[in-house]
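Peer 1: Enclosed is the structure file structure-v8.tsv (TSV, C-alpha atoms).
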```
chain	number	residue	atom	x	y	z
A	1	MET	CA	-50.24	5.67	-77.30
A	2	HIS	CA	-51.32	2.12	-76.51
A	3	ARG	CA	-54.64	1.57	-74.84
A	4	ASN	CA	-54.62	0.08	-71.36
A	5	GLU	CA	-50.93	0.63	-70.91
A	6	PRO	CA	-49.47	3.46	-68.85
A	7	LEU	CA	-47.75	6.14	-70.92
A	8	PRO	CA	-43.92	6.00	-70.89
A	9	VAL	CA	-42.90	9.60	-70.22
A	10	TYR	CA	-39.31	9.78	-69.03
A	11	GLU	CA	-36.07	7.87	-68.82
A	12	THR	CA	-32.78	8.68	-67.16
A	13	ALA	CA	-30.10	6.99	-65.04
A	14	VAL	CA	-29.13	7.43	-61.39
A	15	ALA	CA	-26.61	10.31	-61.35
A	16	ALA	CA	-23.59	10.16	-59.01
A	17	GLU	CA	-24.77	13.28	-57.18
A	18	TRP	CA	-28.10	11.61	-56.35
A	19	VAL	CA	-26.40	8.92	-54.24
A	20	ASP	CA	-26.32	9.62	-50.51
A	21	TYR	CA	-24.54	8.27	-47.43
A	22	ASN	CA	-26.69	5.14	-47.62
A	23	GLY	CA	-25.05	4.26	-50.96
A	24	HIS	CA	-28.33	4.51	-52.85
A	25	MET	CA	-30.41	7.13	-54.64
A	26	ASN	CA	-31.50	9.72	-52.07
A	27	ASP	CA	-35.23	10.02	-51.34
A	28	ALA	CA	-35.33	13.59	-52.70
A	29	ALA	CA	-33.83	12.47	-56.02
A	30	TYR	CA	-36.90	10.29	-56.60
A	31	ALA	CA	-39.00	13.46	-56.30
A	32	LEU	CA	-36.71	15.12	-58.86
A	33	VAL	CA	-37.14	12.24	-61.32
A	34	PHE	CA	-40.92	12.34	-60.89
A	35	SER	CA	-40.92	16.14	-61.28
A	36	ARG	CA	-39.03	15.84	-64.57
A	37	SER	CA	-41.47	13.15	-65.63
A	38	VAL	CA	-44.34	15.58	-65.14
A	39	ASP	CA	-42.41	18.16	-67.21
A	40	ALA	CA	-42.20	15.52	-69.96
A	41	LEU	CA	-45.94	14.89	-69.66
A	42	MET	CA	-46.56	18.64	-69.97
A	43	ASP	CA	-44.78	18.55	-73.35
A	44	ARG	CA	-47.50	16.14	-74.52
A	45	ILE	CA	-50.56	18.00	-73.27
A	46	GLY	CA	-50.07	21.49	-74.65
A	47	LEU	CA	-48.01	22.82	-71.74
A	48	ASP	CA	-44.51	22.71	-73.23
A	49	ALA	CA	-42.14	25.69	-72.81
A	50	ALA	CA	-43.37	27.47	-75.96
A	51	ALA	CA	-47.03	27.05	-74.95
A	52	ARG	CA	-46.29	28.22	-71.40
A	53	LYS	CA	-44.64	31.34	-72.78
A	54	ALA	CA	-47.42	32.03	-75.30
A	55	THR	CA	-50.37	31.38	-72.98
A	56	GLY	CA	-49.06	32.03	-69.45
A	57	ARG	CA	-50.51	28.66	-68.46
A	58	SER	CA	-48.55	26.23	-66.30
A	59	LEU	CA	-48.98	23.56	-63.62
A	60	PHE	CA	-48.43	23.96	-59.89
A	61	THR	CA	-48.04	20.94	-57.62
A	62	LEU	CA	-50.55	20.80	-54.75
A	63	GLN	CA	-49.75	17.39	-53.28
A	64	MET	CA	-47.11	14.75	-53.95
A	65	MET	CA	-47.02	11.30	-52.38
A	66	LEU	CA	-43.98	9.09	-52.80
A	67	HIS	CA	-43.90	5.35	-52.12
A	68	TYR	CA	-40.40	3.86	-51.93
A	69	PHE	CA	-40.22	0.17	-52.81
A	70	LYS	CA	-36.60	-0.62	-53.68
A	71	GLU	CA	-33.17	1.00	-53.60
A	72	ALA	CA	-31.59	2.34	-56.82
A	73	ARG	CA	-27.83	2.38	-57.40
A	74	GLU	CA	-25.57	4.81	-59.26
A	75	GLY	CA	-25.87	4.39	-63.02
A	76	GLU	CA	-29.05	2.30	-62.84
A	77	ALA	CA	-31.42	2.91	-65.76
A	78	LEU	CA	-34.72	4.48	-64.71
A	79	ASN	CA	-37.99	4.51	-66.62
A	80	VAL	CA	-41.13	6.34	-65.59
A	81	ASP	CA	-44.62	5.76	-66.87
A	82	CYS	CA	-47.71	7.76	-66.10
A	83	ARG	CA	-51.46	7.43	-65.85
A	84	VAL	CA	-54.15	10.02	-65.43
A	85	LEU	CA	-56.34	8.80	-62.55
A	86	GLU	CA	-58.88	11.64	-62.79
A	87	HIS	CA	-59.23	15.31	-63.58
A	88	ASP	CA	-61.72	18.14	-63.33
A	89	GLU	CA	-61.76	21.53	-65.06
A	90	LYS	CA	-58.51	22.71	-63.47
A	91	ARG	CA	-56.90	19.87	-61.55
A	92	VAL	CA	-55.46	16.49	-62.45
A	93	ARG	CA	-54.48	13.52	-60.30
A	94	LEU	CA	-51.63	11.45	-61.75
A	95	TRP	CA	-50.08	8.09	-60.93
A	96	LEU	CA	-46.43	7.65	-61.87
A	97	GLU	CA	-44.30	4.53	-61.54
A	98	LEU	CA	-40.54	4.35	-61.59
A	99	LYS	CA	-38.99	1.11	-62.81
A	100	SER	CA	-35.45	-0.17	-63.10
A	101	GLY	CA	-35.01	-0.13	-66.88
A	102	ARG	CA	-37.95	-0.80	-69.16
A	103	GLU	CA	-39.10	-4.08	-67.72
A	104	GLY	CA	-37.33	-4.20	-64.37
A	105	ALA	CA	-38.50	-4.06	-60.78
A	106	ARG	CA	-40.81	-1.31	-59.61
A	107	LEU	CA	-38.62	1.04	-57.54
A	108	ALA	CA	-41.13	3.70	-56.50
A	109	ALA	CA	-44.47	5.28	-57.25
A	110	SER	CA	-45.78	8.82	-56.96
A	111	GLU	CA	-49.30	10.16	-56.81
A	112	GLN	CA	-49.63	13.85	-57.59
A	113	LEU	CA	-52.33	16.48	-57.58
A	114	LEU	CA	-51.57	19.32	-60.00
A	115	LEU	CA	-53.36	22.61	-60.54
A	116	SER	CA	-53.79	24.48	-63.82
A	117	VAL	CA	-52.63	28.08	-63.33
A	118	GLU	CA	-52.40	31.24	-65.36
A	119	GLN	CA	-49.34	33.32	-64.58
A	120	THR	CA	-49.73	37.06	-64.93
A	121	GLY	CA	-47.62	40.04	-63.90
A	122	GLU	CA	-49.41	39.99	-60.55
A	123	GLY	CA	-48.77	36.33	-59.81
A	124	ALA	CA	-50.45	33.01	-60.52
A	125	ARG	CA	-54.10	32.08	-60.21
A	126	ALA	CA	-56.03	28.89	-60.82
A	127	ALA	CA	-57.44	28.74	-64.36
A	128	PRO	CA	-59.40	26.14	-66.32
A	129	TRP	CA	-57.49	23.93	-68.76
A	130	ARG	CA	-57.10	25.23	-72.30
A	131	ALA	CA	-59.09	23.16	-74.81
A	132	GLU	CA	-55.96	21.44	-76.12
A	133	THR	CA	-54.92	20.31	-72.64
A	134	GLN	CA	-58.45	19.25	-71.72
A	135	ALA	CA	-58.63	17.11	-74.88
A	136	ALA	CA	-55.23	15.54	-74.18
A	137	LEU	CA	-56.22	14.67	-70.59
A	138	ASP	CA	-59.56	13.26	-71.77
A	139	ALA	CA	-57.71	11.05	-74.26
A	140	LEU	CA	-55.34	9.78	-71.56
A	141	VAL	CA	-58.18	8.98	-69.18
A	142	LYS	CA	-59.96	7.11	-71.95
A	143	ALA	CA	-56.81	5.18	-72.89
A	144	HIS	CA	-56.17	4.20	-69.26
A	145	ARG	CA	-59.74	3.32	-68.36
A	146	GLY	CA	-59.05	-0.43	-68.52
A	147	LEU	CA	-56.19	-0.32	-66.01
A	148	GLU	CA	-56.84	-1.37	-62.45
A	149	THR	CA	-56.53	1.38	-59.85
A	150	PRO	CA	-53.16	1.02	-58.07
A	151	PRO	CA	-53.73	-0.33	-54.54
A	152	GLN	CA	-51.77	2.55	-52.99
A	153	ALA	CA	-53.70	5.29	-54.83
A	154	GLY	CA	-55.29	7.72	-52.39
A	155	GLN	CA	-53.44	6.23	-49.43
A	156	GLY	CA	-51.79	8.50	-46.90
A	157	VAL	CA	-48.74	7.86	-44.76
A	158	ALA	CA	-49.44	5.22	-42.11
A	159	LEU	CA	-47.30	3.41	-39.56
A	160	LYS	CA	-49.68	0.48	-39.51
A	161	ARG	CA	-51.05	-0.91	-42.73
A	162	LYS	CA	-54.80	-0.81	-42.94
A	163	PRO	CA	-56.44	-4.24	-43.12
A	164	GLY	CA	-57.46	-5.21	-46.65
A	165	PRO	CA	-61.06	-5.24	-47.85
B	1	MET	CA	-36.02	21.47	-26.37
B	2	HIS	CA	-39.23	23.29	-25.45
B	3	ARG	CA	-42.27	21.27	-24.54
B	4	ASN	CA	-45.27	21.54	-26.82
B	5	GLU	CA	-43.33	23.26	-29.56
B	6	PRO	CA	-42.12	21.49	-32.67
B	7	LEU	CA	-38.36	21.01	-32.82
B	8	PRO	CA	-36.51	23.43	-35.14
B	9	VAL	CA	-34.21	21.17	-37.16
B	10	TYR	CA	-32.99	22.94	-40.29
B	11	GLU	CA	-32.65	26.30	-41.94
B	12	THR	CA	-31.49	27.29	-45.38
B	13	ALA	CA	-32.44	29.66	-48.20
B	14	VAL	CA	-33.90	29.02	-51.66
B	15	ALA	CA	-30.89	28.37	-53.93
B	16	ALA	CA	-30.87	29.75	-57.49
B	17	GLU	CA	-30.68	26.22	-58.92
B	18	TRP	CA	-33.90	25.24	-57.11
B	19	VAL	CA	-35.96	27.80	-59.07
B	20	ASP	CA	-37.76	26.40	-62.11
B	21	TYR	CA	-39.55	27.74	-65.20
B	22	ASN	CA	-42.43	28.86	-62.97
B	23	GLY	CA	-40.09	31.34	-61.24
B	24	HIS	CA	-40.47	29.61	-57.87
B	25	MET	CA	-38.86	26.81	-55.90
B	26	ASN	CA	-39.40	23.56	-57.80
B	27	ASP	CA	-41.55	20.88	-56.16
B	28	ALA	CA	-38.61	18.46	-55.95
B	29	ALA	CA	-36.50	21.03	-54.09
B	30	TYR	CA	-39.03	20.95	-51.25
B	31	ALA	CA	-38.36	17.21	-50.97
B	32	LEU	CA	-34.63	17.98	-50.84
B	33	VAL	CA	-35.10	20.50	-48.01
B	34	PHE	CA	-37.23	18.02	-46.07
B	35	SER	CA	-34.68	15.24	-46.71
B	36	ARG	CA	-31.89	17.43	-45.31
B	37	SER	CA	-34.14	18.24	-42.35
B	38	VAL	CA	-34.40	14.53	-41.58
B	39	ASP	CA	-30.60	14.27	-41.83
B	40	ALA	CA	-30.42	17.06	-39.23
B	41	LEU	CA	-32.89	15.20	-37.02
B	42	MET	CA	-30.72	12.06	-37.33
B	43	ASP	CA	-27.82	14.04	-35.84
B	44	ARG	CA	-29.95	14.49	-32.71
B	45	ILE	CA	-31.15	10.92	-32.26
B	46	GLY	CA	-27.94	8.91	-32.36
B	47	LEU	CA	-27.86	8.45	-36.14
B	48	ASP	CA	-25.23	11.03	-37.12
B	49	ALA	CA	-22.46	10.12	-39.60
B	50	ALA	CA	-20.09	8.80	-36.91
B	51	ALA	CA	-22.83	6.65	-35.34
B	52	ARG	CA	-23.90	5.35	-38.77
B	53	LYS	CA	-20.31	4.32	-39.48
B	54	ALA	CA	-19.78	2.74	-36.07
B	55	THR	CA	-23.09	0.87	-35.87
B	56	GLY	CA	-24.19	0.31	-39.48
B	57	ARG	CA	-27.58	1.73	-38.52
B	58	SER	CA	-29.38	4.21	-40.75
B	59	LEU	CA	-32.84	5.30	-41.85
B	60	PHE	CA	-34.59	4.42	-45.09
B	61	THR	CA	-37.62	6.38	-46.30
B	62	LEU	CA	-40.72	4.26	-46.91
B	63	GLN	CA	-43.29	6.97	-47.67
B	64	MET	CA	-43.14	10.74	-48.12
B	65	MET	CA	-46.14	13.01	-48.52
B	66	LEU	CA	-45.69	16.63	-49.51
B	67	HIS	CA	-48.33	19.33	-49.16
B	68	TYR	CA	-47.58	22.54	-51.07
B	69	PHE	CA	-49.19	25.65	-49.60
B	70	LYS	CA	-47.28	28.67	-50.96
B	71	GLU	CA	-44.62	29.52	-53.50
B	72	ALA	CA	-41.04	30.25	-52.37
B	73	ARG	CA	-38.73	32.65	-54.22
B	74	GLU	CA	-34.97	32.64	-54.79
B	75	GLY	CA	-33.10	33.71	-51.66
B	76	GLU	CA	-36.11	33.30	-49.37
B	77	ALA	CA	-35.16	32.13	-45.86
B	78	LEU	CA	-36.52	28.67	-45.03
B	79	ASN	CA	-37.00	27.14	-41.59
B	80	VAL	CA	-38.11	23.58	-40.92
B	81	ASP	CA	-39.46	22.21	-37.69
B	82	CYS	CA	-40.28	18.64	-36.87
B	83	ARG	CA	-42.55	16.54	-34.69
B	84	VAL	CA	-42.61	12.84	-34.02
B	85	LEU	CA	-46.21	11.72	-34.55
B	86	GLU	CA	-45.63	8.10	-33.53
B	87	HIS	CA	-43.10	5.30	-33.62
B	88	ASP	CA	-42.82	1.59	-32.98
B	89	GLU	CA	-39.72	-0.57	-32.49
B	90	LYS	CA	-38.30	0.13	-35.94
B	91	ARG	CA	-40.39	2.78	-37.68
B	92	VAL	CA	-41.15	6.42	-37.06
B	93	ARG	CA	-43.78	8.75	-38.55
B	94	LEU	CA	-42.70	12.39	-38.67
B	95	TRP	CA	-44.45	15.66	-39.42
B	96	LEU	CA	-42.28	18.46	-40.83
B	97	GLU	CA	-43.30	22.02	-41.60
B	98	LEU	CA	-41.46	24.47	-43.82
B	99	LYS	CA	-41.90	28.15	-43.04
B	100	SER	CA	-40.69	31.34	-44.66
B	101	GLY	CA	-38.15	32.50	-42.09
B	102	ARG	CA	-38.69	31.76	-38.42
B	103	GLU	CA	-42.14	33.20	-38.00
B	104	GLY	CA	-43.34	33.55	-41.57
B	105	ALA	CA	-46.02	31.84	-43.60
B	106	ARG	CA	-46.24	28.07	-43.75
B	107	LEU	CA	-44.97	27.12	-47.22
B	108	ALA	CA	-45.25	23.34	-47.13
B	109	ALA	CA	-45.54	20.29	-44.91
B	110	SER	CA	-44.24	16.76	-45.21
B	111	GLU	CA	-45.30	13.57	-43.50
B	112	GLN	CA	-42.75	10.78	-43.63
B	113	LEU	CA	-42.54	7.15	-42.63
B	114	LEU	CA	-38.96	6.05	-41.97
B	115	LEU	CA	-37.52	2.61	-41.27
B	116	SER	CA	-34.62	1.74	-39.00
B	117	VAL	CA	-32.14	-0.40	-40.96
B	118	GLU	CA	-28.86	-2.14	-40.34
B	119	GLN	CA	-26.51	-2.03	-43.30
B	120	THR	CA	-24.23	-5.02	-43.72
B	121	GLY	CA	-21.97	-6.23	-46.51
B	122	GLU	CA	-24.95	-8.10	-47.93
B	123	GLY	CA	-27.31	-5.13	-47.98
B	124	ALA	CA	-29.74	-3.48	-45.61
B	125	ARG	CA	-32.36	-5.08	-43.39
B	126	ALA	CA	-34.91	-3.69	-40.98
B	127	ALA	CA	-33.56	-3.56	-37.42
B	128	PRO	CA	-34.95	-2.30	-34.10
B	129	TRP	CA	-33.81	1.12	-32.88
B	130	ARG	CA	-30.66	1.25	-30.77
B	131	ALA	CA	-31.41	2.21	-27.15
B	132	GLU	CA	-30.07	5.75	-27.66
B	133	THR	CA	-32.35	6.38	-30.64
B	134	GLN	CA	-35.36	4.80	-28.93
B	135	ALA	CA	-34.81	7.08	-25.90
B	136	ALA	CA	-34.46	10.17	-28.12
B	137	LEU	CA	-37.69	9.33	-30.00
B	138	ASP	CA	-39.53	8.65	-26.73
B	139	ALA	CA	-38.40	12.07	-25.44
B	140	LEU	CA	-39.62	13.80	-28.62
B	141	VAL	CA	-43.00	12.08	-28.49
B	142	LYS	CA	-43.35	13.12	-24.85
B	143	ALA	CA	-42.35	16.71	-25.59
B	144	HIS	CA	-44.83	16.94	-28.48
B	145	ARG	CA	-47.74	15.22	-26.76
B	146	GLY	CA	-49.56	18.52	-26.14
B	147	LEU	CA	-49.56	19.55	-29.80
B	148	GLU	CA	-52.69	19.07	-31.83
B	149	THR	CA	-52.47	16.55	-34.65
B	150	PRO	CA	-52.06	18.43	-37.96
B	151	PRO	CA	-55.31	18.23	-39.95
B	152	GLN	CA	-53.50	16.88	-43.02
B	153	ALA	CA	-51.70	14.08	-41.13
B	154	GLY	CA	-52.51	10.68	-42.59
B	155	GLN	CA	-54.29	12.20	-45.59
B	156	GLY	CA	-53.61	10.88	-49.06
B	157	VAL	CA	-53.76	12.69	-52.38
B	158	ALA	CA	-57.34	13.60	-53.29
B	159	LEU	CA	-58.89	15.65	-56.07
B	160	LYS	CA	-61.93	16.41	-53.95
B	161	ARG	CA	-61.52	17.44	-50.34
B	162	LYS	CA	-63.25	15.13	-47.94
B	163	PRO	CA	-66.09	16.74	-45.99
B	164	GLY	CA	-65.10	17.70	-42.45
B	165	PRO	CA	-66.21	15.71	-39.40
```
In structure tokens, write the structure found in this file.
Peer 2:
Amino acid sequence: MHRNEPLPVYETAVAAEWVDYNGHMNDAAYALVFSRSVDALMDRIGLDAAARKATGRSLFTLQMMLHYFKEAREGEALNVDCRVLEHDEKRVRLWLELKSGREGARLAASEQLLLSVEQTGEGARAAPWRAETQAALDALVKAHRGLETPPQAGQGVALKRKPGP
Amino acid sequence: MHRNEPLPVYETAVAAEWVDYNGHMNDAAYALVFSRSVDALMDRIGLDAAARKATGRSLFTLQMMLHYFKEAREGEALNVDCRVLEHDEKRVRLWLELKSGREGARLAASEQLLLSVEQTGEGARAAPWRAETQAALDALVKAHRGLETPPQAGQGVALKRKPGP
């Protein structure tokens, strides 16, 4: 992990079945790519499949914002990197960016609020992070502390752009 | 169309392939259901497949916010209704709600900002609504004028809830 650089978490390519009648990657397919990116992050913070099975812990999505910047075409290489913006004892707010290839144009971004849960026979309930996950999130926050906050972070959907500061 | 009631636009059921390792509908599948709901809305506002082909007009998604309220299980009936919050000459801001069945619990909501585009051989560019679409959006805004603004409309992702007014 390099300090002050977002963490590369996932790469894929635009599948044929993700292309819609507009001839580009459908808006919902971006959500799928970001969802898989969060799965890949989970593998790095003590929430991989084996840990989920052993501990009953998992992540539930509470909020997901998607910003669409550019179209993506069938076969285009996609790379996602991730930053931890903040977290408390059971929630984490992430910032993910989707680029065309490793160094290409920024295609989209996603801000997500995720909840730590414990799944039991009676359903899921919010639960504090396990120590391993807490330590991994702390390390990511520390590594990303030097990065500027993305200008769209925290922004909601708006027809009119808010005037700058 | 009933006045002061959101417009029912889409119904489906939770497909087996939408269920993830948490045993519930995956977060990205909600985006897919909302995307298909917007396709269904397009059929009602002069942007169906035949109109897209004849006119080159379509919609591109600029922003999509998803609020997750409750889990959905395989086979569960899903109903989506839609409101037009506002629009200008080439953009529209929608509010969509996903319920369990027709009268069941609210599972999720999505706020979306969509752009009117004209697709040409050289790509897509923003273009004002055609008269038919403008009239259909005006009618929806008028029909939904009596509805209260959803409390989450315009909200961004936040770890801490903002204090109420």
Peer 1: Counting all atoms listed in the file, which residue out of A:Tyr10, A:Phe60, A:Tyr68, A:Trp129 sits closest to Asp27 in chain B?
Peer 2: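 Among the listed residues, the smallest separation from Asp27 in chain B belongs to A:Phe60.
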Peer 1: To one decimal place in Å, what is the distance between CA of Gly123 in chain A and CA of Ala49 in chain A?
Peer 2: 18.1 Å
Peer 1: As an MDAnalysis selection string, please: the residues near Glu17 in chain A (cut-off 10 Å, only C-alpha atoms, same-chain neighbours under 6 positions excluded).
Peer 2: chainID A and resid 25:26 29 74
Peer 1: Suppose you want the space between CA of Ala131 in chain B and CA of Ile45 in chain B; what is it in Å?
Peer 2: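 Between these atoms lies a distance of 10.1 Å.
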Peer 1: Would you kindly report the residues of chain B within 10 Å of chain A, using all atoms listed in the file, as a ChimeraX atom specification?
Peer 2: /B:21-22,24,26-36,49,52-53,56-71,85-88,91-94,108-115,119,124,152-160
Peer 1: Rounded to one decimal, what separation in Å do you get between CA of Ala54 in chain A and CA of Leu7 in chain A?
Peer 2: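 These atoms are spaced 26.3 Å apart.
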Peer 1: Residues within 8 Å of His144 in chain A, please, as a ChimeraX atom specification. Count all atoms listed in the file; anything in the same chain fewer than 4 positions from it doesn't count.
Peer 2: /A:3-6,83-84,140
